[in-house]
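Please read the structure below before turning to the comments.
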Amino acid sequence: MKVLTCYSLKGGVGKTTTAINVAYLSSRQGYRTLLIDLDPQGSASWMLRTVRTDSRSITKVASGKTTARAALKTSVFGTDYEGLDLIPYGVETLNLDAHLATLKSPSKGIERIFDIGSTDYELIVVDLPPSAGPLAKATLVASDLVIFVMTPSKLSLHALEEAKDRIPTLTKRRTRVLFTMVDPRRHVDLESIDEARASGSLVLETQISRSTLFDRMQDRRAPISLAAPKSKAADSYLQLYHELATELGL
Ligand SMILES: Nc1ncnc2c1ncn2[C@@H]1O[C@H](COP(=O)(O)OP(=O)(O)OP(=O)(O)O)[C@@H](O)[C@H]1O
Ligand SMILES: [Mg+2]
């Protein structure tokens with residue numbers, strides 16, 4: 001089982017969009033996939049039409065009071081898509097940041113949560129909120145690959161350097177930068193991507209262009225390959241999935 005986390009300090013850059021599409025495409029490739037929505041906004045859960053949960057089993061798993069096996073029954077929900085399951089947001093994920101801060105080893109707590117998927121899933125995709133608290137730090141440490149999602153701008157480059165400073169695990173070789181909302185006709189966009197590469201960040205080959213088609217994902221509450229099939233937007237996420245699958249050794 002591999003863990004892939006979508007992260008950035010900045011809000012609204014495409015983390016949830018990326019998490020949903022990559023998780024869906026992984027399940028389409030035949031990999032049993034578990035999406036974990038750790039964002040209190042619950043966007044991924046809403047997109048996958050899953051209701052929030054009010055149980056507290058996730059926090060109990062983190063502190064070792066409930067086994068991962070037992071939580072599989074109470075915290076994991078099916079989606080409309082075969083092979084794709086979800087741990088939705090809820091009371092427990094709202095409290096997780098504060099709860100992890102009380103543990104001696106927050107990353108051990110997150111590893112216990114990932115254990116929920118260890119026997120039944122080949123890939124876990126985590127959607128994190130934009131924050132640099134214990135939840136984000138512990139998740140980044142425990143992930144096999146982190147996608148640092150960003151838009152091409154000087155401010156985003158600054159945010160990336162800030163994040164690397166504040167969260168040293170982000171400088172490790174298992175972090176990849178994904179540029180989204182790119183306008184390939186804008187020279188400044190391409191310049192920002194070159195600048196990120198020049199600063200030593202490992203930038204993914206695939207870039208996701210800015211497109212109004214992504215609005216359809218919300219209209220239809222569906223991944224881009226279903227909301228806008230045969231579009232460049234859908235093709236780009238498929239290309240991204242394959243690039244990440246290679247990186248993860250799936
Ligand atoms: N490539 C794109 N082009 C245009 N719009 C996009 C693109 N990717 C995502 N969006 C839109 O941008 C908005 C924010 O996307 P998303 O929710 O994925 O960002 P996020 O980083 O998860 O945000 P948050 O930090 O609030 O969790 C959504 O309305 C989404 O449909
Ligand atoms: Mg989000």
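Residue numbering restarts at 1 for every chain of the structure tokens, chains are lettered A, B, ... in their displayed order, and ligands are numbered from 1 as they appear.
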How close does each residue of chain A get to ligand 2, giving the shortest atom pair and distance in Å to one decimal for every residue with an atom at most 12 Å away, counting only C-alpha atoms and all ligand atoms, sorted by chain and residue number, as JSON lines?
```
{"residue": "A:Thr5", "atom": "CA", "partner": "ligand 2", "partner_atom_place_in_ligand_line": "1 (Mg)", "distance": 11.8}
{"residue": "A:Cys6", "atom": "CA", "partner": "ligand 2", "partner_atom_place_in_ligand_line": "1 (Mg)", "distance": 8.9}
{"residue": "A:Tyr7", "atom": "CA", "partner": "ligand 2", "partner_atom_place_in_ligand_line": "1 (Mg)", "distance": 8.9}
{"residue": "A:Ser8", "atom": "CA", "partner": "ligand 2", "partner_atom_place_in_ligand_line": "1 (Mg)", "distance": 9.5}
{"residue": "A:Leu9", "atom": "CA", "partner": "ligand 2", "partner_atom_place_in_ligand_line": "1 (Mg)", "distance": 10.9}
{"residue": "A:Lys10", "atom": "CA", "partner": "ligand 2", "partner_atom_place_in_ligand_line": "1 (Mg)", "distance": 10.0}
{"residue": "A:Gly11", "atom": "CA", "partner": "ligand 2", "partner_atom_place_in_ligand_line": "1 (Mg)", "distance": 7.2}
{"residue": "A:Gly12", "atom": "CA", "partner": "ligand 2", "partner_atom_place_in_ligand_line": "1 (Mg)", "distance": 6.6}
{"residue": "A:Val13", "atom": "CA", "partner": "ligand 2", "partner_atom_place_in_ligand_line": "1 (Mg)", "distance": 8.0}
{"residue": "A:Gly14", "atom": "CA", "partner": "ligand 2", "partner_atom_place_in_ligand_line": "1 (Mg)", "distance": 6.8}
{"residue": "A:Lys15", "atom": "CA", "partner": "ligand 2", "partner_atom_place_in_ligand_line": "1 (Mg)", "distance": 5.2}
{"residue": "A:Thr16", "atom": "CA", "partner": "ligand 2", "partner_atom_place_in_ligand_line": "1 (Mg)", "distance": 4.1}
{"residue": "A:Thr17", "atom": "CA", "partner": "ligand 2", "partner_atom_place_in_ligand_line": "1 (Mg)", "distance": 7.3}
{"residue": "A:Thr18", "atom": "CA", "partner": "ligand 2", "partner_atom_place_in_ligand_line": "1 (Mg)", "distance": 9.1}
{"residue": "A:Ala19", "atom": "CA", "partner": "ligand 2", "partner_atom_place_in_ligand_line": "1 (Mg)", "distance": 8.6}
{"residue": "A:Ile20", "atom": "CA", "partner": "ligand 2", "partner_atom_place_in_ligand_line": "1 (Mg)", "distance": 9.9}
{"residue": "A:Ile36", "atom": "CA", "partner": "ligand 2", "partner_atom_place_in_ligand_line": "1 (Mg)", "distance": 11.8}
{"residue": "A:Asp37", "atom": "CA", "partner": "ligand 2", "partner_atom_place_in_ligand_line": "1 (Mg)", "distance": 8.9}
{"residue": "A:Leu38", "atom": "CA", "partner": "ligand 2", "partner_atom_place_in_ligand_line": "1 (Mg)", "distance": 9.3}
{"residue": "A:Asp39", "atom": "CA", "partner": "ligand 2", "partner_atom_place_in_ligand_line": "1 (Mg)", "distance": 6.7}
{"residue": "A:Pro40", "atom": "CA", "partner": "ligand 2", "partner_atom_place_in_ligand_line": "1 (Mg)", "distance": 9.2}
{"residue": "A:Gln41", "atom": "CA", "partner": "ligand 2", "partner_atom_place_in_ligand_line": "1 (Mg)", "distance": 7.3}
{"residue": "A:Gly42", "atom": "CA", "partner": "ligand 2", "partner_atom_place_in_ligand_line": "1 (Mg)", "distance": 7.8}
{"residue": "A:Ser43", "atom": "CA", "partner": "ligand 2", "partner_atom_place_in_ligand_line": "1 (Mg)", "distance": 6.0}
{"residue": "A:Ala44", "atom": "CA", "partner": "ligand 2", "partner_atom_place_in_ligand_line": "1 (Mg)", "distance": 7.1}
{"residue": "A:Ser45", "atom": "CA", "partner": "ligand 2", "partner_atom_place_in_ligand_line": "1 (Mg)", "distance": 10.3}
{"residue": "A:Trp46", "atom": "CA", "partner": "ligand 2", "partner_atom_place_in_ligand_line": "1 (Mg)", "distance": 11.0}
{"residue": "A:Met47", "atom": "CA", "partner": "ligand 2", "partner_atom_place_in_ligand_line": "1 (Mg)", "distance": 10.8}
{"residue": "A:Tyr89", "atom": "CA", "partner": "ligand 2", "partner_atom_place_in_ligand_line": "1 (Mg)", "distance": 11.6}
{"residue": "A:Val126", "atom": "CA", "partner": "ligand 2", "partner_atom_place_in_ligand_line": "1 (Mg)", "distance": 10.5}
{"residue": "A:Asp127", "atom": "CA", "partner": "ligand 2", "partner_atom_place_in_ligand_line": "1 (Mg)", "distance": 6.7}
{"residue": "A:Leu128", "atom": "CA", "partner": "ligand 2", "partner_atom_place_in_ligand_line": "1 (Mg)", "distance": 6.9}
{"residue": "A:Pro129", "atom": "CA", "partner": "ligand 2", "partner_atom_place_in_ligand_line": "1 (Mg)", "distance": 6.0}
{"residue": "A:Pro130", "atom": "CA", "partner": "ligand 2", "partner_atom_place_in_ligand_line": "1 (Mg)", "distance": 7.7}
{"residue": "A:Ser131", "atom": "CA", "partner": "ligand 2", "partner_atom_place_in_ligand_line": "1 (Mg)", "distance": 11.1}
{"residue": "A:Val149", "atom": "CA", "partner": "ligand 2", "partner_atom_place_in_ligand_line": "1 (Mg)", "distance": 10.6}
```
Practice prompt. From range 5-244 of chain A, collect each residue whose DSSP state is strand (DSSP E) and return the set as an MDAnalysis selection string.
Written response: chainID A and resid 5:7 33:37 77:78 84:87 123:127 145:150 175:179
Worksheet item: In terms of the shortest atom-to-atom distance over only C-alpha atoms and all ligand atoms, which of A:Asp115, A:Glu247, A:Asp235, A:Asp215 is closest to ligand 1?
Response: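 For ligand 1, the nearest of the given residues is A:Asp215.
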Item to complete: Considering only C-alpha atoms, return as a ChimeraX atom specification whatever protein or nucleic-acid residues lie within 12 Å of Ala196 in chain A, sequence-local ones (same chain, fewer than 2 positions apart) excluded.
Response: /A:148,150-161,176-179,189-194,198-204
Output N, CA and C atoms of each residue in that selection to a file, as a PDB file, in the first residue's frame.
```pdb
ATOM      1  N   PHE A 148       2.985  18.739  -3.943  1.00  0.00           N
ATOM      2  CA  PHE A 148       2.832  20.126  -3.492  1.00  0.00           C
ATOM      3  C   PHE A 148       2.169  20.863  -4.656  1.00  0.00           C
ATOM      4  N   MET A 150       0.557  23.856  -6.711  1.00  0.00           N
ATOM      5  CA  MET A 150       0.666  25.313  -6.753  1.00  0.00           C
ATOM      6  C   MET A 150       0.302  25.900  -8.115  1.00  0.00           C
ATOM      7  N   THR A 151      -0.086  27.173  -8.080  1.00  0.00           N
ATOM      8  CA  THR A 151      -0.364  27.892  -9.321  1.00  0.00           C
ATOM      9  C   THR A 151       0.908  28.665  -9.684  1.00  0.00           C
ATOM     10  N   PRO A 152       1.112  28.946 -10.970  1.00  0.00           N
ATOM     11  CA  PRO A 152       2.353  29.635 -11.339  1.00  0.00           C
ATOM     12  C   PRO A 152       2.285  31.134 -11.055  1.00  0.00           C
ATOM     13  N   SER A 153       2.928  31.574 -10.001  1.00  0.00           N
ATOM     14  CA  SER A 153       3.024  33.006  -9.702  1.00  0.00           C
ATOM     15  C   SER A 153       4.175  33.213  -8.732  1.00  0.00           C
ATOM     16  N   LYS A 154       4.635  34.434  -8.639  1.00  0.00           N
ATOM     17  CA  LYS A 154       5.747  34.745  -7.723  1.00  0.00           C
ATOM     18  C   LYS A 154       5.327  34.471  -6.283  1.00  0.00           C
ATOM     19  N   LEU A 155       4.047  34.791  -5.993  1.00  0.00           N
ATOM     20  CA  LEU A 155       3.568  34.573  -4.622  1.00  0.00           C
ATOM     21  C   LEU A 155       3.572  33.087  -4.264  1.00  0.00           C
ATOM     22  N   SER A 156       3.203  32.252  -5.229  1.00  0.00           N
ATOM     23  CA  SER A 156       3.195  30.816  -4.984  1.00  0.00           C
ATOM     24  C   SER A 156       4.615  30.302  -4.765  1.00  0.00           C
ATOM     25  N   LEU A 157       5.559  30.857  -5.559  1.00  0.00           N
ATOM     26  CA  LEU A 157       6.958  30.433  -5.383  1.00  0.00           C
ATOM     27  C   LEU A 157       7.438  30.795  -3.985  1.00  0.00           C
ATOM     28  N   HIS A 158       7.015  31.978  -3.533  1.00  0.00           N
ATOM     29  CA  HIS A 158       7.369  32.406  -2.186  1.00  0.00           C
ATOM     30  C   HIS A 158       6.761  31.446  -1.160  1.00  0.00           C
ATOM     31  N   ALA A 159       5.492  31.075  -1.380  1.00  0.00           N
ATOM     32  CA  ALA A 159       4.815  30.155  -0.451  1.00  0.00           C
ATOM     33  C   ALA A 159       5.522  28.802  -0.421  1.00  0.00           C
ATOM     34  N   LEU A 160       6.028  28.376  -1.574  1.00  0.00           N
ATOM     35  CA  LEU A 160       6.743  27.090  -1.630  1.00  0.00           C
ATOM     36  C   LEU A 160       8.015  27.157  -0.789  1.00  0.00           C
ATOM     37  N   GLU A 161       8.773  28.256  -0.936  1.00  0.00           N
ATOM     38  CA  GLU A 161      10.010  28.384  -0.156  1.00  0.00           C
ATOM     39  C   GLU A 161       9.700  28.470   1.345  1.00  0.00           C
ATOM     40  N   ARG A 176       6.942  16.248  -4.862  1.00  0.00           N
ATOM     41  CA  ARG A 176       6.913  16.697  -6.260  1.00  0.00           C
ATOM     42  C   ARG A 176       5.997  17.899  -6.336  1.00  0.00           C
ATOM     43  N   VAL A 177       6.388  18.875  -7.146  1.00  0.00           N
ATOM     44  CA  VAL A 177       5.558  20.071  -7.317  1.00  0.00           C
ATOM     45  C   VAL A 177       4.664  19.885  -8.543  1.00  0.00           C
ATOM     46  N   LEU A 178       3.370  20.155  -8.356  1.00  0.00           N
ATOM     47  CA  LEU A 178       2.438  20.123  -9.496  1.00  0.00           C
ATOM     48  C   LEU A 178       1.922  21.535  -9.745  1.00  0.00           C
ATOM     49  N   PHE A 179       2.108  22.013 -10.977  1.00  0.00           N
ATOM     50  CA  PHE A 179       1.538  23.312 -11.330  1.00  0.00           C
ATOM     51  C   PHE A 179       0.151  23.111 -11.920  1.00  0.00           C
ATOM     52  N   ASP A 189       3.726  32.692 -16.497  1.00  0.00           N
ATOM     53  CA  ASP A 189       3.396  31.372 -15.944  1.00  0.00           C
ATOM     54  C   ASP A 189       4.558  30.400 -16.193  1.00  0.00           C
ATOM     55  N   LEU A 190       5.030  30.398 -17.456  1.00  0.00           N
ATOM     56  CA  LEU A 190       6.111  29.466 -17.808  1.00  0.00           C
ATOM     57  C   LEU A 190       7.406  29.847 -17.085  1.00  0.00           C
ATOM     58  N   GLU A 191       7.592  31.147 -16.896  1.00  0.00           N
ATOM     59  CA  GLU A 191       8.779  31.632 -16.170  1.00  0.00           C
ATOM     60  C   GLU A 191       8.766  31.134 -14.717  1.00  0.00           C
ATOM     61  N   SER A 192       7.578  31.163 -14.093  1.00  0.00           N
ATOM     62  CA  SER A 192       7.453  30.700 -12.694  1.00  0.00           C
ATOM     63  C   SER A 192       7.807  29.222 -12.587  1.00  0.00           C
ATOM     64  N   ILE A 193       7.362  28.440 -13.581  1.00  0.00           N
ATOM     65  CA  ILE A 193       7.632  26.997 -13.549  1.00  0.00           C
ATOM     66  C   ILE A 193       9.143  26.760 -13.693  1.00  0.00           C
ATOM     67  N   ASP A 194       9.763  27.502 -14.613  1.00  0.00           N
ATOM     68  CA  ASP A 194      11.226  27.379 -14.786  1.00  0.00           C
ATOM     69  C   ASP A 194      11.952  27.763 -13.506  1.00  0.00           C
ATOM     70  N   ALA A 198      14.530  25.673 -11.311  1.00  0.00           N
ATOM     71  CA  ALA A 198      15.882  26.185 -11.073  1.00  0.00           C
ATOM     72  C   ALA A 198      16.215  26.219  -9.584  1.00  0.00           C
ATOM     73  N   SER A 199      15.172  26.366  -8.739  1.00  0.00           N
ATOM     74  CA  SER A 199      15.436  26.445  -7.294  1.00  0.00           C
ATOM     75  C   SER A 199      15.607  25.053  -6.681  1.00  0.00           C
ATOM     76  N   GLY A 200      15.561  24.023  -7.532  1.00  0.00           N
ATOM     77  CA  GLY A 200      15.833  22.672  -7.036  1.00  0.00           C
ATOM     78  C   GLY A 200      14.599  21.855  -6.728  1.00  0.00           C
ATOM     79  N   SER A 201      13.404  22.447  -6.909  1.00  0.00           N
ATOM     80  CA  SER A 201      12.185  21.676  -6.667  1.00  0.00           C
ATOM     81  C   SER A 201      12.003  20.648  -7.775  1.00  0.00           C
ATOM     82  N   LEU A 202      11.492  19.469  -7.405  1.00  0.00           N
ATOM     83  CA  LEU A 202      11.246  18.429  -8.402  1.00  0.00           C
ATOM     84  C   LEU A 202       9.844  18.645  -8.968  1.00  0.00           C
ATOM     85  N   VAL A 203       9.798  19.289 -10.128  1.00  0.00           N
ATOM     86  CA  VAL A 203       8.519  19.677 -10.730  1.00  0.00           C
ATOM     87  C   VAL A 203       8.042  18.560 -11.659  1.00  0.00           C
ATOM     88  N   LEU A 204       6.783  18.169 -11.504  1.00  0.00           N
ATOM     89  CA  LEU A 204       6.219  17.118 -12.360  1.00  0.00           C
ATOM     90  C   LEU A 204       6.138  17.609 -13.810  1.00  0.00           C
TER      91      LEU A 204
END
```
Fill in: Atomic distance CA of Val51 in chain A - CA of Asp144 in chain A, expressed in Å with one decimal
28.1 Å
Worksheet entry | Residues within 9 Å of Arg28 in chain A, only C-alpha atoms, excluding chain neighbours under 5 positions, as a PyMOL selection string | chain A and resi 23+81-84
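Counting only C-alpha atoms, the residue from A:Tyr31, A:Asn95, A:Ala245, A:Arg220 that sits nearest to Asp54 in chain A is A:Asn95.
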Practice prompt. Considering only C-alpha atoms, return as a list in words whatever protein or nucleic-acid residues lie within 10 Å of Pro168 in chain A, sequence-local ones (same chain, fewer than 6 positions apart) excluded.
Written response: Lys137, Leu140 and Val141 of chain A
Please produce a file of those selected residues containing N, CA and C atoms, as a JSON list (two decimals), in the first residue's frame.
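As written to disk, result-v8.json reads:
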```json
[["chain", "number", "residue", "atom", "x", "y", "z"],
["A", 137, "LYS", "N", 1.96, 18.24, 9.16],
["A", 137, "LYS", "CA", 3.35, 17.80, 9.31],
["A", 137, "LYS", "C", 3.44, 16.28, 9.43],
["A", 140, "LEU", "N", 2.63, 14.51, 6.12],
["A", 140, "LEU", "CA", 3.69, 14.63, 5.12],
["A", 140, "LEU", "C", 4.82, 13.65, 5.42],
["A", 141, "VAL", "N", 5.13, 13.49, 6.70],
["A", 141, "VAL", "CA", 6.20, 12.56, 7.10],
["A", 141, "VAL", "C", 5.82, 11.12, 6.75]]
```
Discussion item. Considering only alpha helix (DSSP H) as DSSP defines it on the backbone, what residues of range 137-176 of chain A qualify? List them as a list in words.
Written reply: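 Alpha helix (DSSP H) assignments inside range 137-176 of chain A correspond to Lys137, Ala138, Thr139, Leu140, Val141, Ala142, Lys154, Leu155, Ser156, Leu157, His158, Ala159, Leu160, Glu161, Glu162, Ala163, Lys164, Asp165 and Arg166 of chain A.
Using only C-alpha atoms and all ligand atoms, the shortest contact distance between ligand 1 and any of A:Ala228, A:Val182, A:Leu123, A:Ala70 is found at A:Val182.
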Discussion item. Quick one: residues within 12 Å of Ala227 in chain A, only C-alpha atoms, excluding same-chain residues fewer than 3 positions away - as a list in words?
Written reply: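 After dropping sequence-adjacent residues, the list is Asn21, Met47, Thr212, Leu213, Phe214, Asp215, Arg216, Met217, Gln218, Asp219, Arg220, Arg221, Ala222, Pro223, Ile224, Lys230, Ser231, Ala233 and Ala234 of chain A.
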If you keep N, CA and C atoms, can you produce a file of those selected residues as a short mmCIF file (atom, residue, chain, number, x, y, z; two decimals), in the first residue's frame?
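Dumped everything to again-v1.cif:
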```cif
data_model
loop_
_atom_site.label_atom_id
_atom_site.label_comp_id
_atom_site.auth_asym_id
_atom_site.auth_seq_id
_atom_site.Cartn_x
_atom_site.Cartn_y
_atom_site.Cartn_z
N ASN A 21 -9.40 13.38 -8.67
CA ASN A 21 -9.14 12.82 -10.01
C ASN A 21 -8.10 11.71 -9.98
N MET A 47 -17.99 16.16 -3.06
CA MET A 47 -17.88 15.83 -4.48
C MET A 47 -18.20 14.36 -4.73
N THR A 212 -12.23 26.37 -17.70
CA THR A 212 -13.54 26.52 -17.07
C THR A 212 -14.27 25.17 -16.98
N LEU A 213 -13.74 24.15 -17.68
CA LEU A 213 -14.37 22.82 -17.62
C LEU A 213 -14.38 22.26 -16.20
N PHE A 214 -13.44 22.75 -15.36
CA PHE A 214 -13.39 22.23 -13.99
C PHE A 214 -14.65 22.61 -13.19
N ASP A 215 -15.35 23.67 -13.63
CA ASP A 215 -16.62 24.02 -12.98
C ASP A 215 -17.62 22.87 -13.08
N ARG A 216 -17.49 22.13 -14.20
CA ARG A 216 -18.43 21.01 -14.42
C ARG A 216 -18.28 19.92 -13.37
N MET A 217 -17.07 19.81 -12.82
CA MET A 217 -16.88 18.79 -11.77
C MET A 217 -17.84 19.05 -10.61
N GLN A 218 -17.98 20.34 -10.28
CA GLN A 218 -18.90 20.67 -9.17
C GLN A 218 -20.35 20.55 -9.60
N ASP A 219 -20.64 20.98 -10.84
CA ASP A 219 -22.02 20.88 -11.33
C ASP A 219 -22.49 19.43 -11.29
N ARG A 220 -21.59 18.54 -11.73
CA ARG A 220 -22.00 17.13 -11.85
C ARG A 220 -21.55 16.29 -10.67
N ARG A 221 -20.80 16.90 -9.79
CA ARG A 221 -20.21 16.17 -8.64
C ARG A 221 -19.57 14.87 -9.14
N ALA A 222 -18.64 15.02 -10.06
CA ALA A 222 -17.99 13.86 -10.69
C ALA A 222 -16.56 14.21 -11.07
N PRO A 223 -15.68 13.19 -11.18
CA PRO A 223 -14.31 13.44 -11.64
C PRO A 223 -14.32 14.05 -13.04
N ILE A 224 -13.23 14.70 -13.42
CA ILE A 224 -13.19 15.43 -14.70
C ILE A 224 -13.36 14.48 -15.88
N LYS A 230 -13.01 13.25 -22.79
CA LYS A 230 -12.29 13.59 -24.04
C LYS A 230 -11.80 15.03 -24.07
N SER A 231 -11.77 15.72 -22.93
CA SER A 231 -11.26 17.09 -22.90
C SER A 231 -9.76 17.06 -22.61
N ALA A 233 -8.48 18.77 -20.30
CA ALA A 233 -8.41 18.73 -18.83
C ALA A 233 -8.41 17.29 -18.33
N ALA A 234 -9.28 16.46 -18.91
CA ALA A 234 -9.34 15.04 -18.51
C ALA A 234 -8.05 14.33 -18.91
#
```
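The residue that comes closest to ligand 1, out of A:Val61, A:Val22, A:Val188, A:Met1 and on the basis of only C-alpha atoms and all ligand atoms, is A:Val22.
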